[in-house]
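Novice: If it helps, the file is called structure.cif and holds mmCIF, C-alpha atoms:
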```
data_my_file
loop_
_atom_site.label_atom_id
_atom_site.label_comp_id
_atom_site.auth_asym_id
_atom_site.auth_seq_id
_atom_site.Cartn_x
_atom_site.Cartn_y
_atom_site.Cartn_z
CA MET A 27 -62.37 20.48 5.23
CA ARG A 28 -66.07 20.56 5.91
CA PRO A 29 -68.43 20.05 2.94
CA VAL A 30 -71.75 21.90 3.01
CA ALA A 31 -74.49 21.44 0.40
CA ILE A 32 -76.81 24.35 -0.40
CA SER A 33 -79.93 24.30 -2.58
CA VAL A 34 -83.49 25.63 -2.75
CA ASP A 35 -84.83 22.41 -1.24
CA PRO A 36 -86.58 23.04 2.11
CA PRO A 37 -85.08 21.49 5.28
CA GLU A 38 -87.42 18.50 5.31
CA VAL A 39 -86.52 17.56 1.71
CA SER A 40 -82.80 17.85 2.48
CA ALA A 41 -83.28 15.78 5.65
CA ASN A 42 -85.03 13.07 3.61
CA LEU A 43 -82.24 13.05 1.01
CA ARG A 44 -79.61 12.97 3.74
CA ARG A 45 -81.30 10.01 5.37
CA LYS A 46 -81.93 8.03 2.18
CA ALA A 47 -78.45 8.54 0.73
CA ARG A 48 -76.81 8.24 4.16
CA PHE A 49 -74.94 11.50 3.70
CA THR A 50 -73.19 12.93 6.73
CA LEU A 51 -72.42 16.36 5.30
CA THR A 52 -74.34 19.46 6.35
CA PHE A 53 -77.28 20.53 4.19
CA LEU A 54 -78.48 24.13 4.18
CA SER A 55 -81.75 25.33 2.66
CA ASP A 56 -82.12 28.52 0.65
CA PRO A 57 -85.70 28.32 -0.70
CA ASN A 58 -85.90 32.09 -1.25
CA LEU A 59 -82.54 32.11 -3.10
CA GLU A 60 -81.16 34.81 -0.80
CA VAL A 61 -77.62 33.39 -0.63
CA ILE A 62 -77.82 31.88 -4.12
CA ARG A 63 -78.64 35.32 -5.50
CA ARG A 64 -75.88 37.00 -3.48
CA TYR A 65 -73.39 34.55 -4.97
CA ASP A 66 -74.85 35.19 -8.46
CA LEU A 67 -75.79 31.56 -8.99
CA VAL A 68 -79.47 31.89 -9.87
CA HIS A 69 -80.61 29.75 -12.77
CA VAL A 70 -83.87 31.36 -13.79
CA ALA A 71 -86.83 29.03 -14.37
CA ALA A 72 -84.58 25.97 -14.53
CA GLY A 73 -86.42 24.00 -11.88
CA PRO A 74 -89.63 21.97 -12.20
CA ASP A 75 -92.67 24.16 -12.87
CA GLY A 76 -90.33 26.96 -13.91
CA HIS A 77 -88.98 27.72 -10.43
CA ASP A 78 -85.64 29.44 -10.03
CA ILE A 79 -82.88 27.22 -8.69
CA SER A 80 -79.12 27.36 -8.15
CA ARG A 81 -76.68 26.50 -10.91
CA PRO A 82 -74.01 23.97 -9.82
CA ALA A 83 -70.93 25.63 -8.30
CA GLU A 84 -68.36 24.90 -5.62
CA PHE A 85 -66.37 27.30 -3.42
CA LEU A 86 -63.59 26.37 -1.03
CA ILE A 87 -63.58 29.00 1.74
CA ASP A 88 -60.89 29.45 4.40
CA ARG A 89 -61.43 30.83 7.93
CA SER A 90 -61.08 34.41 6.75
CA ASN A 91 -64.04 33.78 4.39
CA THR A 92 -61.70 34.03 1.41
CA VAL A 93 -62.29 31.94 -1.68
CA ARG A 94 -59.29 29.64 -2.21
CA TRP A 95 -60.72 27.50 -5.02
CA GLU A 96 -63.90 27.47 -7.06
CA ASN A 97 -65.53 25.56 -9.85
CA PHE A 98 -68.27 26.54 -12.31
CA THR A 99 -69.13 23.64 -14.55
CA GLU A 100 -70.13 24.32 -18.17
CA ASP A 101 -72.15 21.12 -18.25
CA VAL A 102 -74.27 19.91 -15.31
CA ARG A 103 -73.19 16.34 -16.07
CA VAL A 104 -69.53 17.20 -15.42
CA ARG A 105 -68.54 17.68 -11.78
CA PRO A 106 -65.15 18.34 -10.14
CA ARG A 107 -63.04 15.59 -8.68
CA ALA A 108 -62.43 15.45 -4.92
CA GLN A 109 -58.66 15.18 -5.49
CA GLU A 110 -58.60 18.60 -7.10
CA MET A 111 -60.20 20.40 -4.16
CA LEU A 112 -58.39 18.32 -1.56
CA ALA A 113 -55.07 19.32 -3.10
CA VAL A 114 -55.97 22.97 -2.54
CA ALA A 115 -57.39 22.33 0.94
CA ARG A 116 -54.15 20.67 2.09
CA ASN A 117 -52.25 23.90 1.43
CA ILE A 118 -54.56 26.00 3.59
CA GLN A 119 -52.97 26.93 6.93
CA MET B 6 -65.55 -3.78 -46.21
CA ALA B 7 -68.11 -6.37 -47.22
CA ASP B 8 -68.41 -10.12 -46.98
CA THR B 9 -70.32 -12.20 -49.42
CA GLN B 10 -73.24 -14.54 -48.92
CA THR B 11 -73.39 -17.38 -51.38
CA ALA B 12 -76.00 -19.99 -52.09
CA PRO B 13 -76.05 -22.37 -55.02
CA GLY B 14 -77.78 -20.87 -58.03
CA THR B 15 -78.40 -17.46 -56.46
CA GLN B 16 -76.88 -14.07 -57.14
CA ARG B 17 -74.31 -13.08 -54.55
CA ARG B 18 -75.52 -10.45 -52.05
CA ARG B 19 -73.11 -8.74 -49.76
CA ILE B 20 -73.66 -8.18 -46.08
CA ASN B 21 -74.16 -4.47 -45.71
CA SER B 22 -71.34 -3.87 -43.25
CA ALA B 23 -71.90 -0.10 -43.24
CA LEU B 24 -75.26 -0.79 -41.58
CA TRP B 25 -73.62 -3.02 -38.99
CA TYR B 26 -70.90 -0.46 -38.26
CA GLY B 27 -73.55 2.23 -37.93
CA PHE B 28 -75.67 0.04 -35.67
CA LEU B 29 -72.73 -0.80 -33.38
CA ILE B 30 -71.52 2.79 -33.24
CA THR B 31 -75.05 3.88 -32.34
CA LEU B 32 -75.08 1.37 -29.49
CA LEU B 33 -71.71 2.75 -28.44
CA GLY B 34 -73.28 6.21 -28.41
CA ILE B 35 -75.98 4.99 -26.02
CA ALA B 36 -73.42 3.31 -23.76
CA ALA B 37 -71.26 6.45 -23.70
CA GLU B 38 -74.06 8.29 -21.90
CA PHE B 39 -73.36 6.14 -18.84
CA LEU B 40 -69.64 6.89 -18.74
CA TYR B 41 -70.29 9.82 -16.38
CA PHE B 42 -71.22 7.33 -13.67
CA LEU B 43 -67.91 5.48 -14.04
CA ARG B 44 -65.98 8.63 -13.02
CA PRO B 45 -63.34 8.47 -15.78
CA PRO B 46 -60.00 10.22 -15.16
CA GLU B 47 -59.40 13.83 -16.15
CA PRO B 48 -59.72 15.32 -18.72
CA ILE B 49 -62.22 12.78 -20.10
CA PRO B 50 -65.25 14.17 -18.19
CA HIS B 51 -64.80 17.57 -19.86
CA ILE B 52 -64.73 16.15 -23.40
CA LEU B 53 -67.38 13.50 -22.75
CA PRO B 54 -70.31 15.78 -23.72
CA TRP B 55 -68.69 16.30 -27.11
CA ILE B 56 -68.03 12.56 -27.48
CA ASN B 57 -71.68 11.87 -26.69
CA LEU B 58 -72.62 14.23 -29.50
CA ALA B 59 -70.06 13.03 -32.07
CA VAL B 60 -70.49 9.27 -31.73
CA PRO B 61 -74.18 9.18 -32.80
CA VAL B 62 -73.30 11.48 -35.74
CA VAL B 63 -70.71 8.98 -36.93
CA GLY B 64 -73.20 6.16 -36.47
CA VAL B 65 -75.83 7.96 -38.52
CA ILE B 66 -73.34 8.62 -41.31
CA PHE B 67 -72.52 4.93 -41.58
CA LEU B 68 -76.21 4.05 -41.47
CA PHE B 69 -77.00 6.48 -44.27
CA ILE B 70 -74.22 4.93 -46.38
CA GLY B 71 -75.65 1.49 -45.65
CA VAL B 72 -79.24 2.47 -46.46
CA TRP B 73 -78.09 4.21 -49.65
CA ARG B 74 -76.33 1.00 -50.68
CA ALA B 75 -79.29 -1.20 -49.74
CA PHE B 76 -81.77 0.85 -51.78
CA GLY B 77 -79.40 1.80 -54.56
CA GLN B 78 -78.05 -1.68 -55.14
CA PRO B 79 -80.66 -4.10 -53.71
CA ALA B 80 -79.29 -6.96 -55.75
CA VAL B 81 -75.88 -6.47 -54.18
CA TYR B 82 -76.51 -5.30 -50.60
CA THR B 83 -78.90 -6.43 -47.87
CA GLY B 84 -80.64 -4.44 -45.19
CA LYS B 85 -83.36 -2.27 -46.71
CA ILE B 86 -85.87 -2.90 -43.94
CA TRP B 87 -83.81 -3.31 -40.79
CA GLY B 88 -81.33 -0.70 -41.97
CA SER B 89 -84.12 1.82 -42.43
CA ALA B 90 -85.55 1.03 -38.99
CA VAL B 91 -82.18 1.35 -37.23
CA THR B 92 -81.46 4.59 -39.09
CA VAL B 93 -84.71 6.12 -37.84
CA LEU B 94 -83.87 5.05 -34.28
CA ALA B 95 -80.36 6.46 -34.62
CA LEU B 96 -81.74 9.78 -35.89
CA LEU B 97 -84.07 9.93 -32.87
CA LEU B 98 -81.11 9.19 -30.59
CA LEU B 99 -79.06 11.90 -32.28
CA ALA B 100 -81.90 14.41 -31.90
CA GLY B 101 -82.23 13.46 -28.24
CA ASN B 102 -78.50 13.91 -27.72
CA VAL B 103 -78.57 17.35 -29.29
CA VAL B 104 -81.44 18.40 -27.03
CA LEU B 105 -79.68 16.93 -23.98
CA PHE B 106 -76.40 18.62 -24.94
CA ARG B 107 -78.06 22.02 -25.19
CA HIS B 108 -80.05 21.51 -21.98
CA THR B 109 -77.16 20.39 -19.78
CA ARG B 110 -74.97 23.25 -20.98
CA ASP B 111 -77.65 25.85 -20.44
CA VAL B 112 -76.16 27.25 -17.23
CA PRO B 113 -75.80 30.95 -16.37
CA ARG B 114 -72.34 32.51 -16.54
CA SER B 115 -72.39 33.83 -12.95
CA ALA B 116 -69.97 36.65 -13.77
CA GLY B 117 -70.82 38.30 -10.44
CA ALA B 118 -69.90 35.27 -8.31
CA PRO B 119 -67.07 35.59 -5.77
CA GLN B 120 -63.68 35.01 -7.35
CA VAL B 121 -60.58 33.31 -5.92
CA GLY B 122 -58.96 35.70 -3.46
CA GLN B 123 -62.20 37.56 -2.69
CA ARG B 124 -64.08 37.34 0.58
CA VAL B 125 -67.53 35.83 0.44
CA PRO B 126 -70.58 37.35 2.14
CA GLU B 127 -71.62 35.98 5.52
CA PHE B 128 -74.99 34.23 5.59
CA ILE B 129 -77.42 32.38 7.85
CA LEU B 130 -79.50 29.51 6.47
CA PRO B 131 -81.52 26.71 8.10
CA ASP B 132 -79.93 23.27 8.13
CA SER B 133 -81.83 20.01 7.56
CA SER B 134 -83.14 20.23 11.13
CA ALA B 135 -84.38 23.76 10.40
CA GLN B 136 -81.78 25.22 12.77
CA PRO B 137 -80.30 28.58 11.64
CA THR B 138 -76.66 28.05 10.72
CA SER B 139 -74.18 30.78 9.85
CA LEU B 140 -71.04 30.54 7.74
CA ALA B 141 -69.03 31.31 10.90
CA GLN B 142 -70.67 28.39 12.71
CA LEU B 143 -69.59 26.05 9.91
CA PHE B 144 -66.00 26.70 10.95
CA ALA B 145 -66.76 25.78 14.57
CA ALA B 146 -65.28 22.66 16.12
CA SER B 147 -67.19 19.46 15.45
CA ALA B 148 -68.17 16.83 18.03
CA ASP B 149 -64.73 15.20 17.93
CA GLY B 150 -63.07 18.54 18.67
CA SER B 151 -61.52 19.01 15.23
CA GLN B 152 -61.87 22.40 13.60
CA PRO B 153 -62.08 22.57 9.82
CA LYS B 154 -59.45 24.68 8.04
CA ALA B 155 -61.86 25.22 5.18
CA VAL B 156 -65.49 24.90 4.25
CA LEU B 157 -66.53 23.60 0.84
CA LEU B 158 -69.79 25.19 -0.26
CA VAL B 159 -71.47 22.94 -2.82
CA PHE B 160 -74.36 24.69 -4.52
CA TYR B 161 -76.56 22.19 -6.34
CA ARG B 162 -79.79 22.36 -8.35
CA GLY B 163 -81.99 20.61 -5.82
CA TYR B 164 -85.39 18.97 -6.42
CA TRP B 165 -83.80 15.55 -5.85
#
```
Could you write out this structure as structure tokens?
Specialist:
Amino acid sequence: MRPVAISVDPPEVSANLRRKARFTLTFLSDPNLEVIRRYDLVHVAAGPDGHDISRPAEFLIDRSNTVRWENFTEDVRVRPRAQEMLAVARNIQ
Amino acid sequence: MADTQTAPGTQRRRINSALWYGFLITLLGIAAEFLYFLRPPEPIPHILPWINLAVPVVGVIFLFIGVWRAFGQPAVYTGKIWGSAVTVLALLLLAGNVVLFRHTRDVPRSAGAPQVGQRVPEFILPDSSAQPTSLAQLFAASADGSQPKAVLLVFYRGYW
């Protein structure tokens, strides 16, 4: 399974975060919310200075681009556990 | 629920234990905010927001009982001044928790998001090196030759 993080942060901000936190996962930038909007994840005016951002959400996608698992938290403080998504990923052929 | 303080020749005054219970429960309410970082087992994370709301309410109730006793029976119970101060702080904490509760749960429903079993749209976005990267490329073999069976897209709020 390959984790990929997507947000409105521009590439240089993601690169800085990746370096500081020593993350190895891939970061993708969607500053114009093109993909975020297509996935219906726009959180209007929720960012600093009233900018639109993405709401937290996770999708586990197989090679046919089919969603096998997803998570939409009701509270931004509550995030899914890795065991839950790994259990689904192990069953993907 | 109350102990007694005695001194020769003085009227007995009771320790206002309701104030102490309220004070300790309020501290517990503050500490509970940090439980998210300890990654408690399921299903605790899902009920934790409600716990963070309920604990300060219980603390405030005890504090109100204690302050009512302290002012209503000053010859019997202690704690008019410090009880009043802690009650004000607890009310501020409770108000802050209510605001935080509403803010963190203010997320859109995303009814139009892809559902389990549906295919997601293809996309191309720049990575942290500003290189265009497609969803198909994310399934490509990595440097060690392994090919991922799945990709986990983690959408997050950003501005970190």
Novice: Sorted by chain and rising residue number, which residues of region 15-131 of chain B lie within 8 Å of region 61-69 of chain A, and what are their closest atom pairs and distances in Å to one decimal, counting only C-alpha atoms, as JSON lines?
Specialist:
```
{"residue": "B:Val112", "atom": "CA", "partner": "A:His69", "partner_atom": "CA", "distance": 6.8}
{"residue": "B:Pro113", "atom": "CA", "partner": "A:His69", "partner_atom": "CA", "distance": 6.1}
{"residue": "B:Ser115", "atom": "CA", "partner": "A:Asp66", "partner_atom": "CA", "distance": 5.3}
{"residue": "B:Ala116", "atom": "CA", "partner": "A:Asp66", "partner_atom": "CA", "distance": 7.4}
{"residue": "B:Gly117", "atom": "CA", "partner": "A:Asp66", "partner_atom": "CA", "distance": 5.5}
{"residue": "B:Ala118", "atom": "CA", "partner": "A:Tyr65", "partner_atom": "CA", "distance": 4.9}
{"residue": "B:Pro119", "atom": "CA", "partner": "A:Tyr65", "partner_atom": "CA", "distance": 6.5}
{"residue": "B:Pro126", "atom": "CA", "partner": "A:Arg64", "partner_atom": "CA", "distance": 7.7}
{"residue": "B:Phe128", "atom": "CA", "partner": "A:Val61", "partner_atom": "CA", "distance": 6.8}
```
Novice: Could you check how far CA of Gly101 (chain B) sits from CA of Asp78 (chain A), in Å to one decimal?
Specialist: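 A separation of 24.5 Å between them.
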Novice: With distances taken over only C-alpha atoms, which residue among B:Ala145, B:Ala75, B:Ile20, B:Val125 lies nearest chain A?
Specialist: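 Among B:Ala145, B:Ala75, B:Ile20, B:Val125, it is B:Val125 that comes nearest to chain A.
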Novice: For a quick check of your reading of the model, name the residues lying within 12 Å of the coordinate (-81.8, 13.8, 3.3), counting only C-alpha atoms, and write them as a list in words.
Specialist: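 I get Ala31, Asp35, Pro36, Pro37, Glu38, Val39, Ser40, Ala41, Asn42, Leu43, Arg44, Arg45, Lys46, Ala47, Arg48, Phe49, Thr50, Leu51, Thr52, Phe53, Leu54 and Ser55 of chain A; Asp132, Ser133, Ser134, Gly163, Tyr164 and Trp165 of chain B for the residues within 12 Å of that point.
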Novice: Would you please work out which residue, of B:Val62, B:Val72, B:Ala95, B:Leu130, is nearest to Asn58 (chain A) when using all atoms listed in the file?
Specialist: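 Under the stated criterion, the closest residue is B:Leu130.
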Novice: Chain B residues within 6 Å of chain A, counting only C-alpha atoms: which ones, as a list in words?
Specialist: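 So the residues of chain B near chain A are Pro50, Thr109, Arg110, Ser115, Gly117, Ala118, Val121, Gly122, Gln123, Arg124, Val125, Leu130, Pro131, Asp132, Ser133, Ala135, Pro153, Lys154, Ala155, Val156, Leu157, Leu158, Val159, Phe160, Tyr161, Arg162 and Gly163 of chain B.
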Novice: Could you save those same residues with C-alpha atoms as a compact mmCIF listing (two decimals), in the coordinates of the input?
Specialist:
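Done, and the output landed in again36.txt:
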```txt
# COMPACT_ATOMS: atom_id res chain seq x y z
CA PRO B 50 -65.25 14.17 -18.19
CA THR B 109 -77.16 20.39 -19.78
CA ARG B 110 -74.97 23.25 -20.98
CA SER B 115 -72.39 33.83 -12.95
CA GLY B 117 -70.82 38.30 -10.44
CA ALA B 118 -69.90 35.27 -8.31
CA VAL B 121 -60.58 33.31 -5.92
CA GLY B 122 -58.96 35.70 -3.46
CA GLN B 123 -62.20 37.56 -2.69
CA ARG B 124 -64.08 37.34 0.58
CA VAL B 125 -67.53 35.83 0.44
CA LEU B 130 -79.50 29.51 6.47
CA PRO B 131 -81.52 26.71 8.10
CA ASP B 132 -79.93 23.27 8.13
CA SER B 133 -81.83 20.01 7.56
CA ALA B 135 -84.38 23.76 10.40
CA PRO B 153 -62.08 22.57 9.82
CA LYS B 154 -59.45 24.68 8.04
CA ALA B 155 -61.86 25.22 5.18
CA VAL B 156 -65.49 24.90 4.25
CA LEU B 157 -66.53 23.60 0.84
CA LEU B 158 -69.79 25.19 -0.26
CA VAL B 159 -71.47 22.94 -2.82
CA PHE B 160 -74.36 24.69 -4.52
CA TYR B 161 -76.56 22.19 -6.34
CA ARG B 162 -79.79 22.36 -8.35
CA GLY B 163 -81.99 20.61 -5.82
```
Novice: Quick one: distance from CA of Arg17 (chain B) to CA of Gly64 (chain B) in Å, one decimal?
Specialist: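 Pair CA of Arg17 (chain B) / CA of Gly64 (chain B) returns 26.4 Å.
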Novice: Could you please determine the separation between CA of Ile30 (chain B) and CA of Val60 (chain B) in Å, to one decimal place?
Specialist: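 Between CA of Ile30 (chain B) and CA of Val60 (chain B) the gap works out to 6.7 Å.
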Novice: Report as a compact mmCIF listing (two decimals) with C-alpha atoms, keeping the file's coordinate frame all protein, DNA and RNA residues lying within 10 Å of Tyr82 (chain B), evaluated on only C-alpha atoms, omitting residues in the same chain fewer than 4 positions from it.
Specialist:
```txt
# COMPACT_ATOMS: atom_id res chain seq x y z
CA ALA B 7 -68.11 -6.37 -47.22
CA THR B 9 -70.32 -12.20 -49.42
CA GLN B 10 -73.24 -14.54 -48.92
CA ARG B 17 -74.31 -13.08 -54.55
CA ARG B 18 -75.52 -10.45 -52.05
CA ARG B 19 -73.11 -8.74 -49.76
CA ILE B 20 -73.66 -8.18 -46.08
CA ASN B 21 -74.16 -4.47 -45.71
CA SER B 22 -71.34 -3.87 -43.25
CA GLY B 71 -75.65 1.49 -45.65
CA VAL B 72 -79.24 2.47 -46.46
CA TRP B 73 -78.09 4.21 -49.65
CA ARG B 74 -76.33 1.00 -50.68
CA ALA B 75 -79.29 -1.20 -49.74
CA PHE B 76 -81.77 0.85 -51.78
CA GLY B 77 -79.40 1.80 -54.56
CA GLN B 78 -78.05 -1.68 -55.14
```
Novice: Given the file shown, enumerate the residues that the PyMOL selection byres ((chain B and resi 53) around 10) captures and present them as a PyMOL selection string.
Specialist: (chain A and resi 103-104) or (chain B and resi 37-38+40-41+45+48-52+54-59)
Novice: I'd like the contact shell of Ala23 (chain B) - 8 Å cut-off, only C-alpha atoms, skipping same-chain residues fewer than 6 positions apart - returned as a PyMOL selection string.
Specialist: chain B and resi 6+67-68+70-71
